[in-house]
>>> print(open('input.csv').read())   # CSV, C-alpha atoms
chain,number,residue,atom,x,y,z
T,1,MET,CA,-130.3,82.0,-46.5
T,2,ASN,CA,-127.9,84.9,-46.6
T,3,ALA,CA,-129.2,88.4,-46.2
T,4,ILE,CA,-129.1,90.6,-49.3
T,5,HIS,CA,-127.6,94.0,-48.8
T,6,PRO,CA,-127.3,96.9,-51.2
T,7,SER,CA,-123.8,97.4,-52.5
T,8,PRO,CA,-122.1,100.4,-54.0
T,9,ASN,CA,-120.6,100.4,-57.5
T,10,LYS,CA,-117.1,99.0,-57.6
T,11,ALA,CA,-115.6,102.4,-58.0
T,12,GLU,CA,-117.2,103.6,-54.8
T,13,ARG,CA,-116.2,100.6,-52.6
T,14,LYS,CA,-113.8,101.2,-49.8
T,15,ALA,CA,-110.7,99.0,-49.6
T,16,LEU,CA,-110.8,96.5,-46.8
T,17,ASN,CA,-107.4,94.9,-45.7
T,18,ILE,CA,-108.1,91.3,-44.7
T,19,GLY,CA,-105.4,89.2,-43.2
T,20,LEU,CA,-105.3,85.5,-44.0
T,21,LEU,CA,-103.1,84.0,-41.3
T,22,TRP,CA,-101.7,80.5,-41.9
T,23,HIS,CA,-103.2,80.4,-45.4
T,24,SER,CA,-101.1,80.3,-48.6
T,25,PHE,CA,-101.5,80.6,-52.4
T,26,TYR,CA,-98.0,79.2,-52.7
T,27,SER,CA,-98.1,76.1,-50.6
T,28,ASP,CA,-97.1,72.8,-52.2
T,29,ASN,CA,-99.8,71.3,-50.0
T,30,LEU,CA,-102.9,71.8,-52.2
T,31,GLY,CA,-105.0,71.2,-49.1
T,32,VAL,CA,-103.7,74.5,-47.7
T,33,GLY,CA,-104.4,76.0,-51.1
T,34,ALA,CA,-108.0,74.7,-51.1
T,35,LEU,CA,-108.6,76.3,-47.7
T,36,THR,CA,-107.1,79.6,-48.8
T,37,VAL,CA,-108.9,79.9,-52.1
T,38,ALA,CA,-112.2,78.8,-50.6
T,39,ASN,CA,-112.0,81.0,-47.5
T,40,ALA,CA,-111.0,84.1,-49.5
T,41,ARG,CA,-114.0,83.6,-51.7
T,42,LEU,CA,-116.4,83.2,-48.8
T,43,ILE,CA,-115.0,86.3,-47.1
T,44,ALA,CA,-114.9,88.3,-50.3
T,45,GLU,CA,-118.6,87.5,-50.9
T,46,ALA,CA,-119.6,89.0,-47.6
T,47,ALA,CA,-117.2,92.0,-48.0
T,48,GLU,CA,-118.6,92.9,-51.4
T,49,ALA,CA,-122.1,92.6,-50.2
T,50,HIS,CA,-121.3,95.3,-47.6
T,51,GLY,CA,-119.6,97.7,-50.0
T,52,PHE,CA,-116.0,96.8,-49.5
T,53,ALA,CA,-113.3,96.1,-52.1
T,54,PRO,CA,-111.4,93.2,-50.4
T,55,GLN,CA,-107.6,93.1,-50.5
T,56,PHE,CA,-106.1,89.9,-49.0
T,57,HIS,CA,-102.9,89.8,-47.2
T,58,VAL,CA,-101.7,86.2,-46.9
T,59,ILE,CA,-99.5,85.5,-44.0
T,60,GLY,CA,-98.1,82.0,-44.0
T,61,SER,CA,-95.5,79.7,-45.7
T,62,ARG,CA,-94.2,79.9,-49.2
T,63,GLY,CA,-93.8,76.9,-51.4
T,64,GLY,CA,-93.0,76.3,-55.1
T,65,CYS,CA,-96.5,76.8,-56.4
T,66,ASP,CA,-98.5,80.0,-57.3
T,67,TYR,CA,-102.2,79.8,-57.7
T,68,SER,CA,-103.0,83.3,-56.4
T,69,ALA,CA,-105.0,83.9,-59.6
T,70,GLU,CA,-107.6,81.4,-58.3
T,71,CYS,CA,-108.5,84.0,-55.6
T,72,GLY,CA,-109.7,86.7,-58.1
T,73,TYR,CA,-108.8,89.6,-55.8
T,74,PRO,CA,-105.7,91.7,-55.0
T,75,THR,CA,-103.3,89.8,-52.8
T,76,SER,CA,-100.0,90.2,-51.0
T,77,PHE,CA,-97.8,87.7,-49.2
T,78,THR,CA,-95.8,87.8,-46.0
T,79,ASN,CA,-93.8,84.8,-44.8
T,80,VAL,CA,-94.1,83.6,-41.2
T,81,GLY,CA,-90.9,82.7,-39.4
T,82,TYR,CA,-89.3,82.8,-36.0
T,83,LYS,CA,-86.9,85.6,-36.9
T,84,ALA,CA,-89.7,87.8,-38.2
T,85,MET,CA,-91.9,86.9,-35.2
T,86,LEU,CA,-89.2,88.0,-32.7
T,87,ASN,CA,-88.6,91.4,-34.4
T,88,PRO,CA,-91.5,93.8,-33.8
T,89,LEU,CA,-90.2,96.0,-36.6
T,90,SER,CA,-90.4,93.2,-39.2
T,91,ALA,CA,-92.6,93.1,-42.3
T,92,LEU,CA,-94.6,90.4,-40.6
T,93,HIS,CA,-95.6,92.7,-37.7
T,94,ARG,CA,-96.2,95.7,-40.0
T,95,ARG,CA,-98.6,93.6,-42.0
T,96,LEU,CA,-100.5,92.4,-39.0
T,97,ARG,CA,-100.9,96.0,-37.8
T,98,ALA,CA,-102.1,97.1,-41.3
T,99,CYS,CA,-105.0,94.6,-41.5
T,100,ASP,CA,-108.6,95.6,-40.6
T,101,ILE,CA,-109.3,92.0,-39.5
T,102,ILE,CA,-107.4,88.7,-39.5
T,103,PHE,CA,-108.8,85.3,-40.2
T,104,ASP,CA,-106.5,82.5,-38.9
T,105,ILE,CA,-107.1,79.0,-40.3
T,106,GLY,CA,-104.1,77.3,-38.7
T,107,GLY,CA,-103.2,75.5,-41.9
T,108,GLY,CA,-106.4,73.5,-41.3
T,109,ASP,CA,-105.1,71.1,-38.7
T,110,SER,CA,-101.8,72.6,-37.2
T,111,PHE,CA,-103.4,74.0,-34.1
T,112,SER,CA,-102.5,70.7,-32.3
T,113,ASP,CA,-99.5,69.0,-30.8
T,114,ILE,CA,-99.8,65.9,-33.0
T,115,TYR,CA,-97.0,67.5,-35.1
T,116,PRO,CA,-93.6,68.6,-33.7
T,117,TRP,CA,-93.8,71.2,-30.9
T,118,SER,CA,-91.9,73.7,-32.9
T,119,ARG,CA,-94.8,73.9,-35.4
T,120,LEU,CA,-97.4,74.5,-32.7
T,121,ARG,CA,-95.2,77.1,-31.0
T,122,LEU,CA,-95.1,79.2,-34.1
T,123,ILE,CA,-98.9,78.8,-34.6
T,124,LEU,CA,-99.4,80.1,-31.0
T,125,ALA,CA,-96.9,82.9,-31.3
T,126,SER,CA,-98.7,84.3,-34.4
T,127,LYS,CA,-102.0,84.6,-32.5
T,128,PHE,CA,-100.3,86.6,-29.7
T,129,ALA,CA,-98.7,88.8,-32.4
T,130,ALA,CA,-102.1,89.5,-34.0
T,131,ARG,CA,-103.4,90.5,-30.5
T,132,LEU,CA,-100.4,92.8,-29.9
T,133,ALA,CA,-101.0,94.4,-33.3
T,134,GLY,CA,-104.5,95.4,-32.0
T,135,THR,CA,-106.2,93.7,-34.9
T,136,ALA,CA,-109.5,91.7,-34.6
T,137,LEU,CA,-108.7,87.9,-34.8
T,138,VAL,CA,-111.1,85.2,-36.0
T,139,LEU,CA,-110.2,81.5,-36.0
T,140,SER,CA,-111.7,80.3,-39.2
T,141,PRO,CA,-113.1,76.7,-39.4
T,142,GLN,CA,-110.3,74.2,-38.5
T,143,THR,CA,-109.5,71.2,-36.4
T,144,ILE,CA,-108.9,72.3,-32.8
T,145,GLY,CA,-106.5,69.9,-31.0
T,146,PRO,CA,-105.9,67.3,-29.9
T,147,PHE,CA,-103.6,68.7,-27.2
T,148,HIS,CA,-101.8,65.8,-25.4
T,149,THR,CA,-99.8,67.9,-22.9
T,150,ARG,CA,-100.9,70.3,-20.2
T,151,LYS,CA,-98.5,72.9,-21.6
T,152,ALA,CA,-100.2,72.8,-25.0
T,153,ARG,CA,-103.7,72.9,-23.5
T,154,LEU,CA,-102.9,76.0,-21.4
T,155,ALA,CA,-101.2,77.8,-24.3
T,156,ALA,CA,-104.0,77.0,-26.7
T,157,ARG,CA,-106.6,78.3,-24.3
T,158,ALA,CA,-104.7,81.5,-23.7
T,159,ALA,CA,-104.4,82.1,-27.5
T,160,MET,CA,-108.0,81.4,-28.2
T,161,ALA,CA,-109.1,83.7,-25.4
T,162,MET,CA,-107.9,86.6,-27.5
T,163,ALA,CA,-109.9,85.7,-30.6
T,164,ARG,CA,-113.3,87.3,-31.4
T,165,HIS,CA,-114.7,83.9,-32.4
T,166,VAL,CA,-113.5,80.3,-32.9
T,167,PHE,CA,-115.0,78.0,-35.5
T,168,ALA,CA,-114.6,74.2,-35.3
T,169,ARG,CA,-115.1,72.1,-38.4
T,170,ASP,CA,-116.1,68.9,-36.5
T,171,GLU,CA,-117.9,67.9,-33.3
T,172,ALA,CA,-114.8,66.6,-31.6
T,173,SER,CA,-113.1,69.9,-31.9
T,174,PHE,CA,-116.2,71.7,-30.8
T,175,ALA,CA,-116.4,69.6,-27.7
T,176,LEU,CA,-112.8,70.4,-26.9
T,177,LEU,CA,-113.5,74.1,-27.2
T,178,ASP,CA,-116.3,73.7,-24.6
T,179,GLU,CA,-113.9,71.7,-22.4
T,180,LEU,CA,-111.3,74.5,-22.6
T,181,GLY,CA,-113.9,77.1,-21.6
T,182,MET,CA,-114.3,78.6,-25.1
T,183,GLY,CA,-117.9,77.5,-25.6
T,184,GLY,CA,-119.3,81.1,-25.4
T,185,LYS,CA,-117.3,82.2,-28.4
T,186,ALA,CA,-117.3,79.0,-30.5
T,187,SER,CA,-119.5,77.7,-33.3
T,188,LEU,CA,-119.7,74.4,-35.2
T,189,THR,CA,-119.5,74.4,-39.0
T,190,THR,CA,-117.5,72.4,-41.5
T,191,ASP,CA,-114.4,72.7,-43.7
T,192,VAL,CA,-114.4,75.8,-45.9
T,193,ALA,CA,-112.9,73.6,-48.8
T,194,PHE,CA,-116.4,72.4,-49.4
T,195,ALA,CA,-116.9,75.8,-51.1
T,196,LEU,CA,-113.8,75.4,-53.4
T,197,PRO,CA,-114.9,75.9,-57.0
T,198,PHE,CA,-114.3,73.2,-59.6
T,199,THR,CA,-115.3,72.1,-63.1
T,200,PRO,CA,-117.6,69.1,-63.0
T,201,PRO,CA,-117.4,66.4,-65.8
T,202,ALA,CA,-120.2,66.5,-68.3
T,203,ASP,CA,-120.9,62.8,-68.2
T,204,LYS,CA,-120.7,62.0,-64.5
T,205,GLN,CA,-124.4,61.4,-63.8
T,206,THR,CA,-124.8,59.1,-66.9
T,207,ARG,CA,-122.1,56.6,-66.0
T,208,ASP,CA,-123.1,53.0,-65.2
T,209,LEU,CA,-121.4,52.6,-61.8
T,210,ALA,CA,-122.9,49.2,-61.2
T,211,HIS,CA,-121.7,47.5,-64.4
T,212,GLY,CA,-119.7,49.8,-66.6
T,213,PRO,CA,-116.0,50.8,-66.6
T,214,ILE,CA,-115.1,53.0,-63.6
T,215,LYS,CA,-112.3,55.4,-62.9
T,216,VAL,CA,-110.8,55.0,-59.4
T,217,GLY,CA,-108.4,57.4,-57.8
T,218,LEU,CA,-105.8,56.7,-55.1
T,219,ASN,CA,-103.9,59.4,-53.2
T,220,VAL,CA,-100.8,58.1,-51.5
T,221,SER,CA,-99.5,60.3,-48.8
T,222,GLY,CA,-95.7,60.8,-49.0
T,223,LEU,CA,-95.7,61.7,-45.3
T,224,LEU,CA,-97.0,58.3,-44.4
T,225,PHE,CA,-95.3,56.3,-47.1
T,226,ARG,CA,-91.8,57.7,-46.4
T,227,ARG,CA,-92.5,58.6,-42.8
T,228,ASP,CA,-89.5,60.0,-40.9
T,229,LEU,CA,-90.1,59.0,-37.2
T,230,SER,CA,-87.2,61.2,-36.1
T,231,ARG,CA,-89.3,64.3,-36.9
T,232,GLY,CA,-91.3,63.7,-33.7
T,233,ASP,CA,-95.0,63.5,-34.7
T,234,ARG,CA,-97.6,61.7,-32.7
T,235,ILE,CA,-99.2,59.7,-35.6
T,236,ALA,CA,-99.8,56.1,-34.6
T,237,LEU,CA,-100.9,53.7,-37.3
T,238,ALA,CA,-102.4,50.3,-36.6
T,239,ASP,CA,-100.7,48.6,-39.6
T,240,ASP,CA,-98.1,49.0,-42.4
T,241,TYR,CA,-99.1,51.8,-44.7
T,242,PRO,CA,-96.8,50.9,-47.7
T,243,ALA,CA,-98.1,47.4,-47.5
T,244,LEU,CA,-101.7,48.7,-47.6
T,245,ILE,CA,-100.9,50.8,-50.6
T,246,GLY,CA,-99.3,47.8,-52.4
T,247,ALA,CA,-102.3,45.6,-51.6
T,248,LEU,CA,-104.8,48.3,-52.8
T,249,ILE,CA,-102.9,48.7,-56.1
T,250,ASP,CA,-102.7,45.0,-56.7
T,251,ARG,CA,-106.4,44.5,-56.0
T,252,LEU,CA,-107.6,47.4,-58.0
T,253,LEU,CA,-105.4,46.7,-61.1
T,254,SER,CA,-106.8,43.2,-61.1
T,255,HIS,CA,-110.4,44.4,-61.1
T,256,PRO,CA,-111.8,44.1,-64.7
T,257,ARG,CA,-113.8,47.3,-64.6
T,258,VAL,CA,-111.2,49.6,-62.9
T,259,GLU,CA,-108.9,52.2,-64.5
T,260,LEU,CA,-106.6,53.3,-61.6
T,261,HIS,CA,-105.4,56.8,-61.2
T,262,LEU,CA,-102.7,58.1,-58.8
T,263,VAL,CA,-103.7,61.5,-57.5
T,264,PRO,CA,-100.9,63.4,-55.6
T,265,HIS,CA,-102.1,66.3,-53.5
T,266,VAL,CA,-98.9,67.5,-51.7
T,267,ILE,CA,-96.2,68.2,-54.2
T,268,PRO,CA,-93.1,69.7,-52.6
T,269,ALA,CA,-90.2,68.7,-54.9
T,270,HIS,CA,-87.7,70.1,-52.4
T,271,ALA,CA,-89.0,67.7,-49.6
T,272,PRO,CA,-89.1,64.2,-51.0
T,273,TYR,CA,-90.1,62.6,-47.7
T,274,GLU,CA,-93.5,64.4,-48.0
T,275,ASP,CA,-93.9,64.5,-51.8
T,276,ASP,CA,-96.9,62.5,-52.9
T,277,TYR,CA,-95.8,63.0,-56.6
T,278,ALA,CA,-92.4,61.4,-56.0
T,279,VAL,CA,-94.0,58.4,-54.4
T,280,ALA,CA,-96.5,58.1,-57.2
T,281,GLU,CA,-93.8,58.1,-59.8
T,282,THR,CA,-92.0,55.3,-58.0
T,283,LEU,CA,-95.3,53.3,-57.9
T,284,ARG,CA,-96.0,53.9,-61.5
T,285,ARG,CA,-92.5,52.6,-62.5
T,286,ASP,CA,-93.4,49.3,-60.7
T,287,HIS,CA,-97.0,49.3,-62.2
T,288,PRO,CA,-97.0,50.9,-65.7
T,289,ARG,CA,-100.8,50.6,-66.0
T,290,LEU,CA,-101.3,53.2,-63.3
T,291,VAL,CA,-102.5,56.6,-64.7
T,292,LEU,CA,-100.5,59.6,-63.3
T,293,PRO,CA,-101.6,63.1,-64.3
T,294,PRO,CA,-99.1,66.0,-64.5
T,295,ARG,CA,-98.5,68.0,-61.3
T,296,PHE,CA,-101.6,70.1,-60.7
T,297,SER,CA,-101.3,73.9,-61.0
T,298,GLY,CA,-103.7,74.6,-58.1
T,299,PRO,CA,-106.4,73.2,-55.8
T,300,SER,CA,-109.3,73.8,-58.1
T,301,GLN,CA,-107.6,71.9,-60.9
T,302,ALA,CA,-106.9,69.0,-58.5
T,303,LYS,CA,-110.6,69.1,-57.4
T,304,SER,CA,-111.8,69.1,-61.0
T,305,TYR,CA,-109.7,66.0,-61.8
T,306,ILE,CA,-111.0,64.2,-58.7
T,307,ALA,CA,-114.5,65.2,-59.7
T,308,GLY,CA,-114.0,63.2,-62.9
T,309,LEU,CA,-113.4,59.9,-60.9
T,310,ASP,CA,-116.1,57.4,-59.8
T,311,LEU,CA,-114.4,56.3,-56.5
T,312,PHE,CA,-111.6,57.9,-54.6
T,313,MET,CA,-109.3,56.8,-51.7
T,314,GLY,CA,-106.7,58.9,-50.0
T,315,SER,CA,-104.8,59.9,-46.9
T,316,ARG,CA,-104.6,63.7,-47.7
T,317,MET,CA,-107.8,65.0,-46.1
T,318,HIS,CA,-108.4,67.8,-48.6
T,319,ALA,CA,-108.1,65.4,-51.5
T,320,THR,CA,-110.9,63.4,-49.9
T,321,ILE,CA,-112.9,66.5,-49.3
T,322,ALA,CA,-112.5,67.4,-52.9
T,323,ALA,CA,-114.1,64.0,-53.7
T,324,LEU,CA,-117.0,64.3,-51.3
T,325,SER,CA,-117.7,67.9,-52.2
T,326,SER,CA,-117.8,67.1,-55.9
T,327,GLY,CA,-120.2,64.1,-55.5
T,328,THR,CA,-117.5,61.4,-55.8
T,329,ALA,CA,-117.8,58.3,-53.7
T,330,VAL,CA,-114.8,58.2,-51.4
T,331,VAL,CA,-113.1,56.0,-48.8
T,332,PRO,CA,-110.9,58.3,-46.7
T,333,LEU,CA,-107.8,56.6,-45.4
T,334,GLY,CA,-107.5,58.7,-42.3
T,335,TYR,CA,-104.5,58.9,-39.9
T,336,SER,CA,-105.8,61.3,-37.3
T,337,ARG,CA,-108.9,62.6,-35.5
T,338,LYS,CA,-109.4,65.2,-38.1
T,339,PHE,CA,-110.7,62.6,-40.6
T,340,THR,CA,-113.0,60.7,-38.3
T,341,GLY,CA,-114.3,64.0,-36.8
T,342,LEU,CA,-115.0,65.7,-40.0
T,343,PHE,CA,-116.6,62.9,-42.0
T,344,GLY,CA,-118.4,61.5,-38.9
T,345,SER,CA,-119.9,64.9,-38.3
T,346,LEU,CA,-121.4,64.8,-41.8
T,347,GLY,CA,-122.9,61.3,-41.2
T,348,TYR,CA,-120.6,59.7,-43.8
T,349,ARG,CA,-119.8,56.1,-42.8
T,350,TRP,CA,-117.1,55.1,-45.3
T,351,ASN,CA,-114.1,56.5,-43.4
T,352,ALA,CA,-111.3,54.0,-42.9
T,353,ASP,CA,-109.3,54.8,-39.7
T,354,LEU,CA,-105.6,53.9,-40.1
T,355,THR,CA,-105.1,54.4,-36.4
T,356,CYS,CA,-107.2,51.4,-35.4
T,357,ASP,CA,-108.2,49.4,-38.5
T,358,ASP,CA,-105.8,46.8,-39.8
T,359,ASN,CA,-105.1,46.4,-43.5
T,360,ALA,CA,-107.5,43.5,-43.9
T,361,THR,CA,-110.4,45.6,-42.5
T,362,ILE,CA,-109.5,48.5,-44.8
T,363,LEU,CA,-109.3,46.3,-47.9
T,364,ALA,CA,-112.7,44.8,-47.0
T,365,LYS,CA,-114.2,48.3,-46.8
T,366,VAL,CA,-112.8,49.2,-50.2
T,367,GLU,CA,-114.3,46.0,-51.6
T,368,ALA,CA,-117.6,46.8,-50.2
T,369,ALA,CA,-117.5,50.3,-51.7
T,370,LEU,CA,-116.7,48.8,-55.1
T,371,ASP,CA,-119.6,46.4,-54.8
T,372,ASN,CA,-122.1,49.2,-53.8
T,373,LEU,CA,-120.7,52.2,-55.7
T,374,PRO,CA,-124.1,53.8,-56.6
T,375,ALA,CA,-125.1,53.7,-53.0
T,376,VAL,CA,-121.8,55.1,-51.8
T,377,ARG,CA,-122.0,58.0,-54.3
T,378,ALA,CA,-125.5,58.7,-53.0
T,379,GLU,CA,-124.2,58.9,-49.4
T,380,ALA,CA,-121.4,61.2,-50.6
T,381,GLU,CA,-123.9,63.5,-52.2
T,382,ALA,CA,-126.0,63.5,-49.0
T,383,ALA,CA,-122.9,64.3,-46.9
T,384,ASN,CA,-122.0,67.1,-49.2
T,385,ALA,CA,-125.5,68.6,-48.8
T,386,GLU,CA,-125.0,68.5,-45.0
T,387,ALA,CA,-121.7,70.2,-45.3
T,388,GLN,CA,-123.1,73.0,-47.4
T,389,ARG,CA,-125.8,73.5,-44.8
T,390,ARG,CA,-123.3,73.7,-42.0
T,391,LEU,CA,-121.3,76.3,-43.9
T,392,GLY,CA,-124.3,78.5,-43.5
T,393,ALA,CA,-123.2,79.2,-39.9
T,394,TYR,CA,-119.9,80.6,-41.1
T,395,ARG,CA,-121.4,82.5,-43.9
T,396,ALA,CA,-123.8,84.1,-41.5
T,397,PHE,CA,-121.0,85.1,-39.1
T,398,LEU,CA,-119.0,86.6,-42.0
T,399,ASP,CA,-122.1,88.6,-43.1
T,400,GLN,CA,-122.6,89.9,-39.5
T,401,THR,CA,-119.0,90.7,-39.0
T,402,LEU,CA,-118.5,92.5,-42.3
T,403,ALA,CA,-121.7,94.5,-41.5
T,404,GLY,CA,-120.1,95.6,-38.3
T,405,LEU,CA,-116.9,96.7,-40.1
T,406,ARG,CA,-119.0,98.7,-42.5
T,407,LEU,CA,-120.5,100.6,-39.6
T,408,HIS,CA,-117.0,101.1,-38.1
T,409,HIS,CA,-115.7,102.4,-41.4
T,410,ALA,CA,-118.7,104.7,-42.1
>>> encode(input="input.csv", output="structure tokens")
Amino acid sequence: MNAIHPSPNKAERKALNIGLLWHSFYSDNLGVGALTVANARLIAEAAEAHGFAPQFHVIGSRGGCDYSAECGYPTSFTNVGYKAMLNPLSALHRRLRACDIIFDIGGGDSFSDIYPWSRLRLILASKFAARLAGTALVLSPQTIGPFHTRKARLAARAAMAMARHVFARDEASFALLDELGMGGKASLTTDVAFALPFTPPADKQTRDLAHGPIKVGLNVSGLLFRRDLSRGDRIALADDYPALIGALIDRLLSHPRVELHLVPHVIPAHAPYEDDYAVAETLRRDHPRLVLPPRFSGPSQAKSYIAGLDLFMGSRMHATIAALSSGTAVVPLGYSRKFTGLFGSLGYRWNADLTCDDNATILAKVEAALDNLPAVRAEAEAANAEAQRRLGAYRAFLDQTLAGLRLHHA
């Protein structure tokens, strides 16, 4: 249980400049948005309890969205790029120096070399820049690794050595931190998106999942469906992803109780090879009975829509977290360790692993979930309860750290 601290009136609160590195209120990836909104709210809760007026300085990538209003606090934005990183007089470096503390979430899973090396190099450089700015750095809950090369492991270890504390959101990441010698400054928690606010449907608990009509959601990853192998990622799937999606759609549309919804969660209209929405539009043209909502305006709206479903499947991890954290039965279609690590750490056994399960195995798991939907929802609710418990470690750290900043500012 969080400690209760007396707090001054709003007019008496001192401004606290909080950097949110590798967050974004503008990302077309609503998973990054979910991390940003949720983390800002968790930090703000601790800041206000200690008499601060939080002001968030988001340092990340800009996209075509704007859901900064979901934060509820004053915000600014600074773009991260190589040109700005190399110029010590740039707005990026000025912003890093102006922050009282920086929370780096690494986009959730970008602190790894499973993606192109250019991406990890910028992630690493930003941590060294924060250290050169003399600002306290905290690595908020995220996936750590995997690091496949010695170069990546050494660079990651050096970068983390500069942080005040490192939070892993799953056991595999936490074990890697210990292996890299970071165990003394590391803690295990879970994904902050479990704290993302949403609006639950009024009738969810009264639906007859065993015999009545059910709403099923399917998130199709544009990254996997239109995968560009020339981009140099390390994602290795066991079977044909587009074939799996086609089989799932055919099976679910033939089910007499199912109303099937497509739920895009990454929506960059300027990058069609990653755009879930563009893929969904193509699929709906071929299958007119599919339900496709308008593009979501932000992560909380997406989570509220997913909360209204009875079963959800998807390959965007934060879409599946939105399901689990809203009490929706879910079969994650995971393509990396971040899925198995996160859901496994919560004791949730319905994860489908695209890296080792063939399509027939995954289809059988979905069939089993449909046949046992009340039990799967109960397991989702139990896993969410465990996630909320694990978030307590991060909340306690925030409380202690903000208390220390209050003494420093006194």
>>> atom_distance(input="input.csv", atom1="atom CA of T:Thr78", atom2="atom CA of T:Ala91")
7.2 Å
>>> closest_residue(input="input.csv", among="T:Leu35, T:Leu92, T:Val220, T:Ala238", to="T:Asp109", atoms="only C-alpha atoms")
T:Leu35
>>> closest_residue(input="input.csv", among="T:Tyr394, T:Pro200, T:Val279, T:Pro268", to="T:Leu309", atoms="only C-alpha atoms")
T:Pro200
>>> residues_near_point(input="input.csv", point="(-115.3, 68.9, -32.5)", cutoff="10 Å", atoms="only C-alpha atoms", output="list in words")
Gln142, Thr143, Ile144, Gly145, Pro146, Phe167, Ala168, Arg169, Asp170, Glu171, Ala172, Ser173, Phe174, Ala175, Leu176, Leu177, Asp178, Ser187, Leu188, Thr189, Thr190, Arg337, Lys338, Gly341, Leu342 and Ser345 of chain T
>>> residues_around(input="input.csv", residues="T:Gly64", least_positions_apart="2", cutoff="8 Å", atoms="only C-alpha atoms", output="list in words")
Tyr26, Ser27, Asp28, Arg62, Asp66 and Pro268 of chain T
>>> residues_near_point(input="input.csv", point="(-103.9, 76.6, -41.8)", cutoff="8 Å", atoms="all atoms listed in the file", output="PyMOL selection string")
chain T and resi 21-23+32+35+104-110+142
>>> atom_distance(input="input.csv", atom1="atom CA of T:Ala158", atom2="atom CA of T:Ile114")
18.8 Å
>>> atom_distance(input="input.csv", atom1="atom CA of T:Ala323", atom2="atom CA of T:Val376")
11.9 Å
>>> closest_residue(input="input.csv", among="T:Leu370, T:Val291, T:Ala193, T:Ala378", to="T:His255", atoms="all atoms listed in the file")
T:Leu370
>>> closest_residue(input="input.csv", among="T:Tyr335, T:Phe312, T:Trp350, T:Phe25", to="T:Cys65", atoms="only C-alpha atoms")
T:Phe25
>>> closest_residue(input="input.csv", among="T:Ala247, T:Asp191, T:Asn219, T:Asp358", to="T:Arg390", atoms="all atoms listed in the file")
T:Asp191
>>> residues_around(input="input.csv", residues="T:Leu196", least_positions_apart="6", cutoff="7 Å", atoms="all atoms listed in the file", output="list in words")
Ala34, Val37, Ala38 and Ser300 of chain T
>>> closest_residue(input="input.csv", among="T:Ala163, T:Ile249, T:Ile306, T:Ala383", to="T:Arg284", atoms="only C-alpha atoms")
T:Ile249
>>> residues_around(input="input.csv", residues="T:Leu252", least_positions_apart="2", cutoff="12 Å", atoms="all atoms listed in the file", output="PyMOL selection string")
chain T and resi 214-218+245-250+254-262+287+289-290+311-313+363+366-367+370
>>> write_last_selection(input="input.csv", atoms="C-alpha atoms", output="PDB file, keeping the file's coordinate frame")
ATOM      1  CA  ILE T 214    -115.100  53.000 -63.600  1.00  0.00           C
ATOM      2  CA  LYS T 215    -112.300  55.400 -62.900  1.00  0.00           C
ATOM      3  CA  VAL T 216    -110.800  55.000 -59.400  1.00  0.00           C
ATOM      4  CA  GLY T 217    -108.400  57.400 -57.800  1.00  0.00           C
ATOM      5  CA  LEU T 218    -105.800  56.700 -55.100  1.00  0.00           C
ATOM      6  CA  ILE T 245    -100.900  50.800 -50.600  1.00  0.00           C
ATOM      7  CA  GLY T 246     -99.300  47.800 -52.400  1.00  0.00           C
ATOM      8  CA  ALA T 247    -102.300  45.600 -51.600  1.00  0.00           C
ATOM      9  CA  LEU T 248    -104.800  48.300 -52.800  1.00  0.00           C
ATOM     10  CA  ILE T 249    -102.900  48.700 -56.100  1.00  0.00           C
ATOM     11  CA  ASP T 250    -102.700  45.000 -56.700  1.00  0.00           C
ATOM     12  CA  SER T 254    -106.800  43.200 -61.100  1.00  0.00           C
ATOM     13  CA  HIS T 255    -110.400  44.400 -61.100  1.00  0.00           C
ATOM     14  CA  PRO T 256    -111.800  44.100 -64.700  1.00  0.00           C
ATOM     15  CA  ARG T 257    -113.800  47.300 -64.600  1.00  0.00           C
ATOM     16  CA  VAL T 258    -111.200  49.600 -62.900  1.00  0.00           C
ATOM     17  CA  GLU T 259    -108.900  52.200 -64.500  1.00  0.00           C
ATOM     18  CA  LEU T 260    -106.600  53.300 -61.600  1.00  0.00           C
ATOM     19  CA  HIS T 261    -105.400  56.800 -61.200  1.00  0.00           C
ATOM     20  CA  LEU T 262    -102.700  58.100 -58.800  1.00  0.00           C
ATOM     21  CA  HIS T 287     -97.000  49.300 -62.200  1.00  0.00           C
ATOM     22  CA  ARG T 289    -100.800  50.600 -66.000  1.00  0.00           C
ATOM     23  CA  LEU T 290    -101.300  53.200 -63.300  1.00  0.00           C
ATOM     24  CA  LEU T 311    -114.400  56.300 -56.500  1.00  0.00           C
ATOM     25  CA  PHE T 312    -111.600  57.900 -54.600  1.00  0.00           C
ATOM     26  CA  MET T 313    -109.300  56.800 -51.700  1.00  0.00           C
ATOM     27  CA  LEU T 363    -109.300  46.300 -47.900  1.00  0.00           C
ATOM     28  CA  VAL T 366    -112.800  49.200 -50.200  1.00  0.00           C
ATOM     29  CA  GLU T 367    -114.300  46.000 -51.600  1.00  0.00           C
ATOM     30  CA  LEU T 370    -116.700  48.800 -55.100  1.00  0.00           C
TER      31      LEU T 370
END
